[in-house]
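Since the structure comes first, as structure tokens, the remarks are kept for the end.
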Amino acid sequence: MLCQRQVLTRPVLYLSTFLRRYRTRYFESLTAIRNDGAWEAWIEFFLDGIAMSARETADAAQRVHKLRERDRGRVMAASGGNNELRLLDELYRQPVVNAAW
């Protein structure tokens with residue numbers, strides 16, 4: 001929904017990991033909706049998943065940022081010029097490359 005409304009350019013929260021990790025609870029919550037109409041428990045479970053996914057995504061982004069800064073320092077220490085730094089920045093922006101690139 002956030003991508004569709006152009007709030008995000010691409011999805012960054014992947015709830016499938018959370019749902020796989022808590023598969024039993026996921027199905028129990030769905031069954032509780034069907035049997036008891038327990039929507040509040042389902043919504044709480046789903047919001048927990050969003051919060052956990054957001055924290056994990058933020059942590060991963062911080063680790064990548066630290067890696068990038070470490071790599072920039074290494075390039076600069078090796079007498080890297082602007083071209084090397086631009087290449088490094090491009091590799092972090094687009095980490096999958098092919099021969100045409």
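Each chain in the structure tokens gets a letter, A, B and so on, in the order shown; residues start at 1 in every chain, and ligands are counted from 1 in the order they appear.
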
Taking only chain A into account, list the residues labelled alpha helix (DSSP H) by DSSP (computed from the backbone), as a short mmCIF file (atom, residue, chain, number, x, y, z; two decimals) with N, CA, C and O atoms, in the first residue's frame.
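What follows is the written file result33.cif:
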data_model
loop_
_atom_site.label_atom_id
_atom_site.label_comp_id
_atom_site.auth_asym_id
_atom_site.auth_seq_id
_atom_site.Cartn_x
_atom_site.Cartn_y
_atom_site.Cartn_z
N LEU A 15 7.00 -8.93 5.93
CA LEU A 15 6.34 -9.62 7.03
C LEU A 15 6.39 -11.13 6.89
O LEU A 15 6.15 -11.85 7.86
N SER A 16 6.71 -11.63 5.70
CA SER A 16 6.73 -13.08 5.50
C SER A 16 7.72 -13.75 6.45
O SER A 16 7.46 -14.85 6.94
N THR A 17 8.84 -13.11 6.75
CA THR A 17 9.81 -13.68 7.70
C THR A 17 9.18 -13.81 9.08
O THR A 17 9.29 -14.84 9.73
N PHE A 18 8.50 -12.76 9.52
CA PHE A 18 7.81 -12.80 10.82
C PHE A 18 6.74 -13.88 10.83
O PHE A 18 6.64 -14.66 11.78
N LEU A 19 5.95 -13.95 9.76
CA LEU A 19 4.85 -14.92 9.71
C LEU A 19 5.39 -16.36 9.69
O LEU A 19 4.80 -17.25 10.30
N ARG A 20 6.51 -16.58 9.02
CA ARG A 20 7.11 -17.91 9.03
C ARG A 20 7.65 -18.25 10.42
O ARG A 20 7.51 -19.37 10.91
N ARG A 21 8.29 -17.27 11.04
CA ARG A 21 8.89 -17.48 12.36
C ARG A 21 7.81 -17.82 13.40
O ARG A 21 8.04 -18.63 14.29
N ARG A 23 4.66 -19.02 12.75
CA ARG A 23 3.65 -19.69 11.94
C ARG A 23 2.51 -20.27 12.78
O ARG A 23 1.34 -20.10 12.45
N THR A 24 2.86 -20.93 13.87
CA THR A 24 1.83 -21.54 14.72
C THR A 24 0.91 -20.47 15.29
O THR A 24 -0.32 -20.61 15.24
N ARG A 25 1.49 -19.42 15.82
CA ARG A 25 0.68 -18.32 16.38
C ARG A 25 -0.17 -17.67 15.29
O ARG A 25 -1.30 -17.29 15.54
N TYR A 26 0.39 -17.55 14.10
CA TYR A 26 -0.34 -16.98 12.96
C TYR A 26 -1.61 -17.78 12.68
O TYR A 26 -2.71 -17.23 12.60
N PHE A 27 -1.46 -19.09 12.57
CA PHE A 27 -2.64 -19.92 12.28
C PHE A 27 -3.60 -19.99 13.46
O PHE A 27 -4.82 -20.04 13.27
N GLU A 28 -3.06 -19.98 14.67
CA GLU A 28 -3.94 -19.94 15.85
C GLU A 28 -4.77 -18.67 15.87
O GLU A 28 -5.96 -18.69 16.19
N SER A 29 -4.14 -17.56 15.50
CA SER A 29 -4.87 -16.28 15.47
C SER A 29 -5.95 -16.29 14.41
O SER A 29 -7.07 -15.79 14.64
N LEU A 30 -5.65 -16.84 13.25
CA LEU A 30 -6.66 -16.93 12.20
C LEU A 30 -7.82 -17.83 12.62
O LEU A 30 -9.00 -17.51 12.37
N THR A 31 -7.50 -18.93 13.28
CA THR A 31 -8.55 -19.83 13.76
C THR A 31 -9.40 -19.14 14.82
O THR A 31 -10.63 -19.30 14.84
N ALA A 32 -8.77 -18.35 15.69
CA ALA A 32 -9.51 -17.63 16.72
C ALA A 32 -10.45 -16.59 16.11
O ALA A 32 -11.54 -16.35 16.64
N ILE A 33 -10.07 -16.01 15.00
CA ILE A 33 -10.97 -15.09 14.30
C ILE A 33 -12.18 -15.86 13.80
O ILE A 33 -13.33 -15.45 14.00
N ARG A 34 -11.93 -16.97 13.15
CA ARG A 34 -13.02 -17.77 12.58
C ARG A 34 -13.95 -18.31 13.67
O ARG A 34 -15.17 -18.24 13.56
N ASN A 35 -13.36 -18.82 14.76
CA ASN A 35 -14.17 -19.46 15.80
C ASN A 35 -14.79 -18.48 16.79
O ASN A 35 -15.92 -18.68 17.24
N ASP A 36 -14.03 -17.43 17.13
CA ASP A 36 -14.46 -16.55 18.23
C ASP A 36 -14.59 -15.08 17.83
O ASP A 36 -14.94 -14.25 18.67
N TRP A 39 -10.74 -10.56 16.56
CA TRP A 39 -10.02 -9.66 15.66
C TRP A 39 -8.95 -8.85 16.39
O TRP A 39 -7.89 -8.58 15.82
N GLU A 40 -9.22 -8.44 17.63
CA GLU A 40 -8.24 -7.61 18.33
C GLU A 40 -6.92 -8.35 18.54
O GLU A 40 -5.85 -7.77 18.39
N ALA A 41 -6.99 -9.64 18.88
CA ALA A 41 -5.77 -10.43 19.06
C ALA A 41 -5.02 -10.54 17.74
O ALA A 41 -3.79 -10.46 17.70
N TRP A 42 -5.75 -10.72 16.64
CA TRP A 42 -5.12 -10.80 15.32
C TRP A 42 -4.44 -9.48 14.97
O TRP A 42 -3.30 -9.45 14.51
N ILE A 43 -5.13 -8.38 15.19
CA ILE A 43 -4.56 -7.06 14.87
C ILE A 43 -3.32 -6.81 15.72
O ILE A 43 -2.29 -6.33 15.21
N GLU A 44 -3.37 -7.18 17.00
CA GLU A 44 -2.20 -7.01 17.87
C GLU A 44 -1.03 -7.86 17.36
O GLU A 44 0.11 -7.39 17.29
N PHE A 45 -1.31 -9.10 16.98
CA PHE A 45 -0.27 -9.98 16.43
C PHE A 45 0.33 -9.37 15.16
O PHE A 45 1.55 -9.30 15.01
N PHE A 46 -0.52 -8.88 14.28
CA PHE A 46 -0.05 -8.31 13.02
C PHE A 46 0.77 -7.05 13.26
O PHE A 46 1.82 -6.84 12.64
N LEU A 47 0.32 -6.19 14.18
CA LEU A 47 1.08 -4.98 14.50
C LEU A 47 2.42 -5.32 15.14
O LEU A 47 3.42 -4.63 14.90
N ASP A 48 2.45 -6.37 15.97
CA ASP A 48 3.73 -6.83 16.51
C ASP A 48 4.68 -7.22 15.37
O ASP A 48 5.87 -6.93 15.42
N GLY A 49 4.13 -7.87 14.35
CA GLY A 49 4.93 -8.26 13.20
C GLY A 49 5.48 -7.06 12.46
O GLY A 49 6.64 -7.04 12.05
N ILE A 50 4.65 -6.05 12.28
CA ILE A 50 5.11 -4.84 11.61
C ILE A 50 6.21 -4.17 12.43
O ILE A 50 7.25 -3.78 11.87
N ALA A 51 6.03 -4.08 13.74
CA ALA A 51 7.03 -3.44 14.60
C ALA A 51 8.35 -4.22 14.57
O ALA A 51 9.43 -3.63 14.43
N MET A 52 8.27 -5.55 14.66
CA MET A 52 9.47 -6.37 14.65
C MET A 52 10.18 -6.25 13.30
O MET A 52 11.41 -6.08 13.24
N SER A 53 9.42 -6.30 12.22
CA SER A 53 10.01 -6.17 10.88
C SER A 53 10.66 -4.81 10.71
O SER A 53 11.74 -4.70 10.11
N ALA A 54 10.02 -3.77 11.21
CA ALA A 54 10.57 -2.42 11.10
C ALA A 54 11.89 -2.31 11.87
O ALA A 54 12.86 -1.73 11.38
N ARG A 55 11.92 -2.87 13.09
CA ARG A 55 13.17 -2.83 13.88
C ARG A 55 14.28 -3.59 13.16
O ARG A 55 15.42 -3.11 13.08
N GLU A 56 13.97 -4.77 12.64
CA GLU A 56 14.99 -5.57 11.95
C GLU A 56 15.48 -4.86 10.68
O GLU A 56 16.67 -4.89 10.37
N THR A 57 14.57 -4.21 9.97
CA THR A 57 14.95 -3.48 8.76
C THR A 57 15.83 -2.28 9.12
O THR A 57 16.85 -2.03 8.46
N ALA A 58 15.47 -1.56 10.18
CA ALA A 58 16.27 -0.41 10.61
C ALA A 58 17.66 -0.87 11.05
O ALA A 58 18.67 -0.23 10.72
N ASP A 59 17.73 -1.98 11.79
CA ASP A 59 19.03 -2.51 12.22
C ASP A 59 19.89 -2.90 11.01
O ASP A 59 21.08 -2.60 10.98
N ALA A 60 19.28 -3.55 10.03
CA ALA A 60 20.02 -3.94 8.83
C ALA A 60 20.52 -2.71 8.08
O ALA A 60 21.67 -2.68 7.61
N ALA A 61 19.69 -1.69 7.98
CA ALA A 61 20.10 -0.45 7.29
C ALA A 61 21.27 0.20 8.01
O ALA A 61 22.22 0.68 7.37
N GLN A 62 21.25 0.19 9.33
CA GLN A 62 22.36 0.76 10.09
C GLN A 62 23.64 -0.04 9.88
O GLN A 62 24.73 0.55 9.76
N ARG A 63 23.53 -1.36 9.83
CA ARG A 63 24.72 -2.19 9.59
C ARG A 63 25.30 -1.92 8.20
O ARG A 63 26.51 -1.82 8.03
N VAL A 64 24.44 -1.79 7.20
CA VAL A 64 24.91 -1.50 5.83
C VAL A 64 25.57 -0.13 5.79
O VAL A 64 26.63 0.06 5.17
N HIS A 65 24.98 0.84 6.49
CA HIS A 65 25.57 2.19 6.52
C HIS A 65 26.97 2.15 7.16
O HIS A 65 27.91 2.76 6.63
N LYS A 66 27.11 1.42 8.25
CA LYS A 66 28.43 1.29 8.89
C LYS A 66 29.43 0.61 7.97
O LYS A 66 30.59 1.02 7.90
N LEU A 67 28.97 -0.42 7.26
CA LEU A 67 29.84 -1.09 6.30
C LEU A 67 30.31 -0.13 5.22
O LEU A 67 31.49 -0.09 4.86
N ARG A 68 29.37 0.65 4.70
CA ARG A 68 29.69 1.61 3.64
C ARG A 68 30.72 2.62 4.14
O ARG A 68 31.69 2.93 3.45
N GLU A 69 30.51 3.14 5.34
CA GLU A 69 31.45 4.12 5.88
C GLU A 69 32.82 3.49 6.12
O GLU A 69 33.85 4.12 5.85
N ARG A 70 32.85 2.25 6.58
CA ARG A 70 34.12 1.55 6.76
C ARG A 70 34.83 1.39 5.42
O ARG A 70 36.03 1.66 5.29
N ASP A 71 34.07 0.98 4.40
CA ASP A 71 34.66 0.79 3.08
C ASP A 71 35.14 2.10 2.48
O ASP A 71 36.19 2.15 1.84
N ARG A 72 34.40 3.19 2.70
CA ARG A 72 34.84 4.49 2.21
C ARG A 72 36.17 4.88 2.87
O ARG A 72 37.06 5.40 2.22
N GLY A 73 36.28 4.61 4.15
CA GLY A 73 37.53 4.89 4.87
C GLY A 73 38.69 4.09 4.31
O GLY A 73 39.80 4.61 4.15
N ARG A 74 38.44 2.84 3.99
CA ARG A 74 39.49 1.99 3.41
C ARG A 74 39.92 2.49 2.04
O ARG A 74 41.11 2.51 1.73
N VAL A 75 38.95 2.91 1.22
CA VAL A 75 39.28 3.43 -0.11
C VAL A 75 40.10 4.71 0.04
O VAL A 75 41.12 4.90 -0.65
N MET A 76 39.69 5.58 0.93
CA MET A 76 40.43 6.84 1.12
C MET A 76 41.83 6.58 1.68
O MET A 76 42.79 7.25 1.28
N ALA A 77 41.97 5.62 2.58
CA ALA A 77 43.28 5.29 3.15
C ALA A 77 44.22 4.70 2.11
O ALA A 77 45.43 4.83 2.22
N ASN A 82 38.37 10.36 -6.27
CA ASN A 82 36.93 10.53 -6.44
C ASN A 82 36.29 9.42 -7.26
O ASN A 82 35.17 9.01 -6.98
N ASN A 83 37.00 8.94 -8.28
CA ASN A 83 36.43 7.86 -9.11
C ASN A 83 36.19 6.60 -8.30
O ASN A 83 35.15 5.94 -8.45
N GLU A 84 37.16 6.25 -7.45
CA GLU A 84 37.00 5.05 -6.63
C GLU A 84 35.84 5.22 -5.65
O GLU A 84 35.05 4.29 -5.45
N LEU A 85 35.73 6.38 -5.06
CA LEU A 85 34.62 6.63 -4.12
C LEU A 85 33.27 6.62 -4.84
O LEU A 85 32.29 6.09 -4.32
N ARG A 86 33.24 7.18 -6.04
CA ARG A 86 31.99 7.17 -6.81
C ARG A 86 31.60 5.74 -7.17
O ARG A 86 30.43 5.37 -7.11
N LEU A 87 32.59 4.93 -7.55
CA LEU A 87 32.32 3.53 -7.87
C LEU A 87 31.78 2.80 -6.63
O LEU A 87 30.80 2.07 -6.72
N LEU A 88 32.41 3.01 -5.50
CA LEU A 88 31.95 2.38 -4.27
C LEU A 88 30.51 2.79 -3.95
O LEU A 88 29.66 1.95 -3.63
N ASP A 89 30.23 4.08 -4.06
CA ASP A 89 28.87 4.57 -3.80
C ASP A 89 27.87 3.93 -4.76
O ASP A 89 26.76 3.55 -4.36
N GLU A 90 28.25 3.79 -6.02
CA GLU A 90 27.36 3.15 -6.99
C GLU A 90 27.13 1.68 -6.66
O GLU A 90 26.03 1.16 -6.82
N LEU A 91 28.17 1.00 -6.18
CA LEU A 91 28.02 -0.41 -5.81
C LEU A 91 27.09 -0.56 -4.61
O LEU A 91 26.34 -1.54 -4.53
N TYR A 92 27.11 0.38 -3.71
CA TYR A 92 26.17 0.33 -2.59
C TYR A 92 24.76 0.70 -3.04
O TYR A 92 23.78 0.20 -2.51
N ARG A 93 24.66 1.57 -4.01
CA ARG A 93 23.34 1.97 -4.53
C ARG A 93 22.74 0.84 -5.38
O ARG A 93 21.56 0.59 -5.35
#

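You will find atom CA of A:Met1 at 11.5 Å from atom CA of A:Leu13.
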